[in-house]
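This report concerns only the one structure given below.
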Amino acid sequence: MQSTPAVIIGGGQAGLAMSASLQNQSIDHVVLERSEVANSWLTERWDSLRLLTPNWMTRLPGYSYKGADPDGYMRSSEVAQFLTDYAAAINAPIRTGVEVSSVTSNGNSHIVSTNQGPIRTHAVVVATGACSTPKIPAIAKDMPTHLRQMPAIAYRNPQSTEGPVLVVGASASGMQIADELSRVGIEVTLAVGEHTRLPRTYRGMDIHWWMDTLGLLDDRYDEVEDIARARRLPSLQLVGTPEKRSLDLNSVGETGVQIVGRIVGMNGNTAQFSGGLANHCASADLKLGRLLKSIDEHVSDHGLEAELDAASRPLPTNIDSAKTTVDLASYKTVIWATGFKPNFPWLNDDLLDNKGAIRHDGGVMTQPGMYVLGMPFTRRRKSSFLDGVGPDALELAPHLHKHLDTTASVNH
Amino acid sequence: MTNATATVDNGVNVEALLGAREALTGARPAAEFKWSASNEWINGAHSQSTVSGFFGLGEAQAHRQPYTFDTDHPEVFASEDNGATPVELVLAGLAGCLTAGVAAVAQNRGIQLHSVKATVSGDMDIAGILGIDSDVRNGFSQIDVAYEIDADGSPEDIQGLVAQSQKRSAVFDVVTNPTNVQVRVV
């Protein structure tokens, strides 16, 4: 049987960051990738998608963006190229086309079974990403059969989408898709639940620059009040465009998108939407106001007023008289932009919680020698960002190293 | 069948209701009602709601007297149990509305009622309100209303009363269909 000290499962940003971090520790390992490096960036993103973070916020262990447009936003094909270049630069020991079917543990020894045969190892890093299996609400089963339903990752472009369209979910994916469809004249209804509203820029600077400067993305898993809640917060309502425009319910409303509340029921062709939309919007506005206030305080504390634009707050979300029912008889498409769910059929049930998510403490799994990376808030708020997985990998690699030392002494 | 209404008395003035329907069909603004309640916190989960006035028929109206309702949480929630839980009041409201409807429909259909009893129950997984599981809703997952009706009518007639009552019930509509709710601080 093949044998190696450590196996990394997944050849995306998390797997490569860990590969670089293990190389720093001189730990032999392999990276198993089911298809190609950065596969999902090439195959599971819509055509117009760009990163939500500016290019300069693309920092991985030993590698970062060096291009000509640090304030721009990469297209997904550019992200894939960036990661491919990273893999080459760090000379990552990648084996592509290797699909893992199970991981079994016996004391300090783990067997990773794959379509290319089993591998014996003392450490396993799960780096398959948080965005592979769409979470579709149960209500999808009650949708009339004439509708074509798809998760956001199956959406490609307006040309291949027949309207009218119901888009469910108002985080980055749902907002971008609703906006793009509406701008070419397709009739869109957008169902909005809990969401995180952010302007693209504030006082002339990118909102991610502000969050980076204020250290908000560095909040740690062992310091936040309610880590379970922090891990399920909706993604940011943002789009990366060359003109740096903001994307919020006011802007999509102006393009003609009909905004309704969270979808709560189906009755024949009639979709029912929560009457709690006003509260979801008010909560998002309040939270946005708190963030902008903390930015303003930072500006005045550091005497930066002269260098920055004046504070201009976005208008409150304007949703008057949202419908609570919509007849979907004439609709053609439903796009579920409702997030992702964990999907680890190849891991033992005792490693997972009752929702199927990996149980871990800052990336350290319950089985000694097993680690997970790249999940929302693994160790810090930015853990699932391209820019955030690096620090997690750099912190977990020494832990893994120590574990290998322990098992080596036990094995003596 | 309408002649039977003369001998049937469920305590419902059907003529007045039908008259109101006719009058309001020609005077739609008078049909715009606004119901209201006031509420004041007392202590812990205990608060008291009062209903007295409402608006309708184009002017302010008043109940014969104000009515108060105490709501609280039970002792298993470490509260003092000074009244019904708010969700129980919702169930009571649903039952009250449906039963009023049964009586009115029976009167209109000439069916004499002898007794009408309803048992209402709402299933709730409190993992939702406690924030244990974000996939569990706060409210009821299911509401069951069981009617025991003794009336001068066939089982089909009685089924028909209950069906028509749901069709015209305000509270049934409130709990089965979404309503925009605006909560403000004034």
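We name chains A, B, ... following the order of the structure tokens; residues begin at 1 in each chain, and ligands are numbered from 1 as shown.
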
For this session: Determine which residues of chain B sit within 10 Å of chain A, taking into account only C-alpha atoms, and present them as an MDAnalysis selection string.
Result: chainID B and resid 131:135 176:184

Exercise. Which parts of stretch 136-280 of chain A does DSSP call helix (DSSP H, G or I) when run on the backbone here, written out as a ChimeraX atom specification?
Worked result: /A:138-142,152-154,158-160,172-183,207-213,216-218,227-231,249-254,277-280

For this session: Tell me, as a ChimeraX atom specification, which residues lie within 8 Å of B:Met124, counting only C-alpha atoms; anything in the same chain fewer than 2 positions away does not count.
Result: /B:122,126,138-142

Problem set entry | Atom-to-atom span, atom CA of A:Arg75 and atom CA of A:Tyr155, Å |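 Spanning atom CA of A:Arg75 to atom CA of A:Tyr155 is a straight-line distance of 15.7 Å.
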
Problem set entry | Atomic distance atom CA of A:Pro368 - atom CA of A:His122, expressed in Å with one decimal |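 Separation between atom CA of A:Pro368 and atom CA of A:His122: 9.3 Å.
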
For this session: Give me, please, the distance in Å between atom CA of B:Ser165 and atom CA of B:Ala95, quoted to one decimal.
Result: 10.8 Å

For this session: Find the spatial neighbours of B:Val175, counting only C-alpha atoms, within a cut-off of 9 Å - ignore same-chain residues fewer than 5 positions away - and output them as a list in words.
Result: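 Contacts, with the query itself left out: Val90, Leu94 and Ala170 of chain B.
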
For this session: Would you mind writing down, as number ranges by chain, each residue of chain B that DSSP on the backbone assigns to strand (DSSP E or B)?
Result: B: 34, 38-43, 46-56, 59-71, 84, 113-123, 142-151

Problem set entry | Near-stretch 167-171 of chain A list (9 Å; only C-alpha atoms; drop same-chain fewer than 2 positions) as a ChimeraX atom specification | /A:152,165,173-178,188-197,234-238,248-249,262-263,333-339

Emit the selected residues as a short mmCIF file (atom, residue, chain, number, x, y, z; two decimals), in the first residue's frame, including N, CA and C atoms.
```cif
data_model
loop_
_atom_site.label_atom_id
_atom_site.label_comp_id
_atom_site.auth_asym_id
_atom_site.auth_seq_id
_atom_site.Cartn_x
_atom_site.Cartn_y
_atom_site.Cartn_z
N ALA A 152 -27.87 27.97 -7.93
CA ALA A 152 -27.12 29.10 -8.51
C ALA A 152 -25.88 28.62 -9.27
N VAL A 165 -38.47 34.69 -13.96
CA VAL A 165 -37.62 33.88 -13.09
C VAL A 165 -37.89 34.25 -11.63
N SER A 173 -24.85 35.66 -4.61
CA SER A 173 -25.27 34.90 -5.79
C SER A 173 -26.65 35.34 -6.28
N GLY A 174 -27.62 35.27 -5.39
CA GLY A 174 -28.99 35.59 -5.78
C GLY A 174 -29.12 37.02 -6.28
N MET A 175 -28.45 37.95 -5.60
CA MET A 175 -28.53 39.36 -5.99
C MET A 175 -27.89 39.57 -7.36
N GLN A 176 -26.72 38.98 -7.57
CA GLN A 176 -26.03 39.17 -8.86
C GLN A 176 -26.85 38.58 -10.00
N ILE A 177 -27.43 37.40 -9.77
CA ILE A 177 -28.19 36.75 -10.83
C ILE A 177 -29.47 37.54 -11.12
N ALA A 178 -30.18 37.95 -10.06
CA ALA A 178 -31.41 38.72 -10.25
C ALA A 178 -31.11 40.01 -11.01
N VAL A 188 -38.14 39.35 -13.12
CA VAL A 188 -37.54 38.63 -11.98
C VAL A 188 -38.27 38.98 -10.69
N THR A 189 -38.59 37.93 -9.92
CA THR A 189 -39.01 38.11 -8.54
C THR A 189 -37.90 37.56 -7.66
N LEU A 190 -37.53 38.33 -6.64
CA LEU A 190 -36.43 37.94 -5.76
C LEU A 190 -36.97 37.74 -4.34
N ALA A 191 -36.81 36.53 -3.83
CA ALA A 191 -37.26 36.23 -2.46
C ALA A 191 -36.10 36.49 -1.50
N VAL A 192 -36.36 37.34 -0.51
CA VAL A 192 -35.29 37.87 0.35
C VAL A 192 -35.52 37.46 1.81
N GLY A 193 -34.58 36.75 2.38
CA GLY A 193 -34.61 36.45 3.82
C GLY A 193 -33.55 37.26 4.53
N GLU A 194 -32.89 36.63 5.49
CA GLU A 194 -31.81 37.31 6.20
C GLU A 194 -30.67 37.59 5.21
N HIS A 195 -30.14 38.80 5.23
CA HIS A 195 -29.07 39.14 4.31
C HIS A 195 -28.12 40.15 4.94
N THR A 196 -26.93 40.27 4.36
CA THR A 196 -25.92 41.19 4.87
C THR A 196 -25.65 42.25 3.82
N ARG A 197 -26.15 43.45 4.10
CA ARG A 197 -26.03 44.54 3.12
C ARG A 197 -24.70 45.28 3.29
N PRO A 234 -25.24 34.81 6.47
CA PRO A 234 -25.32 34.84 5.01
C PRO A 234 -24.12 35.57 4.42
N SER A 235 -23.75 35.19 3.19
CA SER A 235 -22.60 35.82 2.56
C SER A 235 -22.94 37.26 2.21
N LEU A 236 -21.89 38.02 1.90
CA LEU A 236 -22.05 39.46 1.73
C LEU A 236 -22.75 39.81 0.42
N GLN A 237 -23.64 40.80 0.51
CA GLN A 237 -24.38 41.26 -0.67
C GLN A 237 -23.47 42.19 -1.48
N LEU A 238 -22.62 41.59 -2.33
CA LEU A 238 -21.64 42.38 -3.07
C LEU A 238 -21.52 41.86 -4.49
N ASP A 248 -27.60 46.41 -3.95
CA ASP A 248 -28.46 46.20 -2.79
C ASP A 248 -29.92 46.13 -3.26
N LEU A 249 -30.82 45.95 -2.33
CA LEU A 249 -32.22 45.77 -2.72
C LEU A 249 -32.75 47.02 -3.41
N ARG A 262 -39.05 36.03 2.36
CA ARG A 262 -38.55 34.64 2.31
C ARG A 262 -39.68 33.72 1.83
N ILE A 263 -39.35 32.73 1.00
CA ILE A 263 -40.41 31.83 0.54
C ILE A 263 -40.81 30.90 1.69
N THR A 333 -38.64 29.63 -14.67
CA THR A 333 -37.39 29.20 -14.02
C THR A 333 -37.38 29.59 -12.54
N VAL A 334 -36.85 28.70 -11.71
CA VAL A 334 -36.58 29.03 -10.31
C VAL A 334 -35.09 28.78 -10.06
N ILE A 335 -34.41 29.79 -9.54
CA ILE A 335 -32.98 29.65 -9.24
C ILE A 335 -32.81 29.71 -7.72
N TRP A 336 -32.28 28.64 -7.17
CA TRP A 336 -32.10 28.55 -5.72
C TRP A 336 -30.71 29.05 -5.36
N ALA A 337 -30.64 30.26 -4.86
CA ALA A 337 -29.36 30.83 -4.40
C ALA A 337 -29.40 30.80 -2.88
N THR A 338 -29.54 29.60 -2.35
CA THR A 338 -29.84 29.42 -0.93
C THR A 338 -28.68 28.79 -0.18
N GLY A 339 -27.50 28.94 -0.73
CA GLY A 339 -26.32 28.51 0.00
C GLY A 339 -25.94 27.06 -0.24
#
```

Exercise. So, counting only C-alpha atoms, which residue among B:Gly110, B:Gly101, B:Pro66, B:Gly44 is closest to B:Glu80?
Worked result: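 Answer, going by the shortest atom-to-atom distance: B:Gly44.
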
For this session: Name all residues at most 12 Å from stretch 398-407 of chain A (count only C-alpha atoms; drop same-chain ones fewer than 4 positions away) and give them as a ChimeraX atom specification.
Result: /A:4-8,18,21-29,107-110,121-125,362-365,367-372,391-394,411-412

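Minimum atom-to-atom distance to B:Asn13, evaluated using only C-alpha atoms, belongs to B:Asn108 out of B:Val162, B:Asp81, B:Asn108, B:Ala127.
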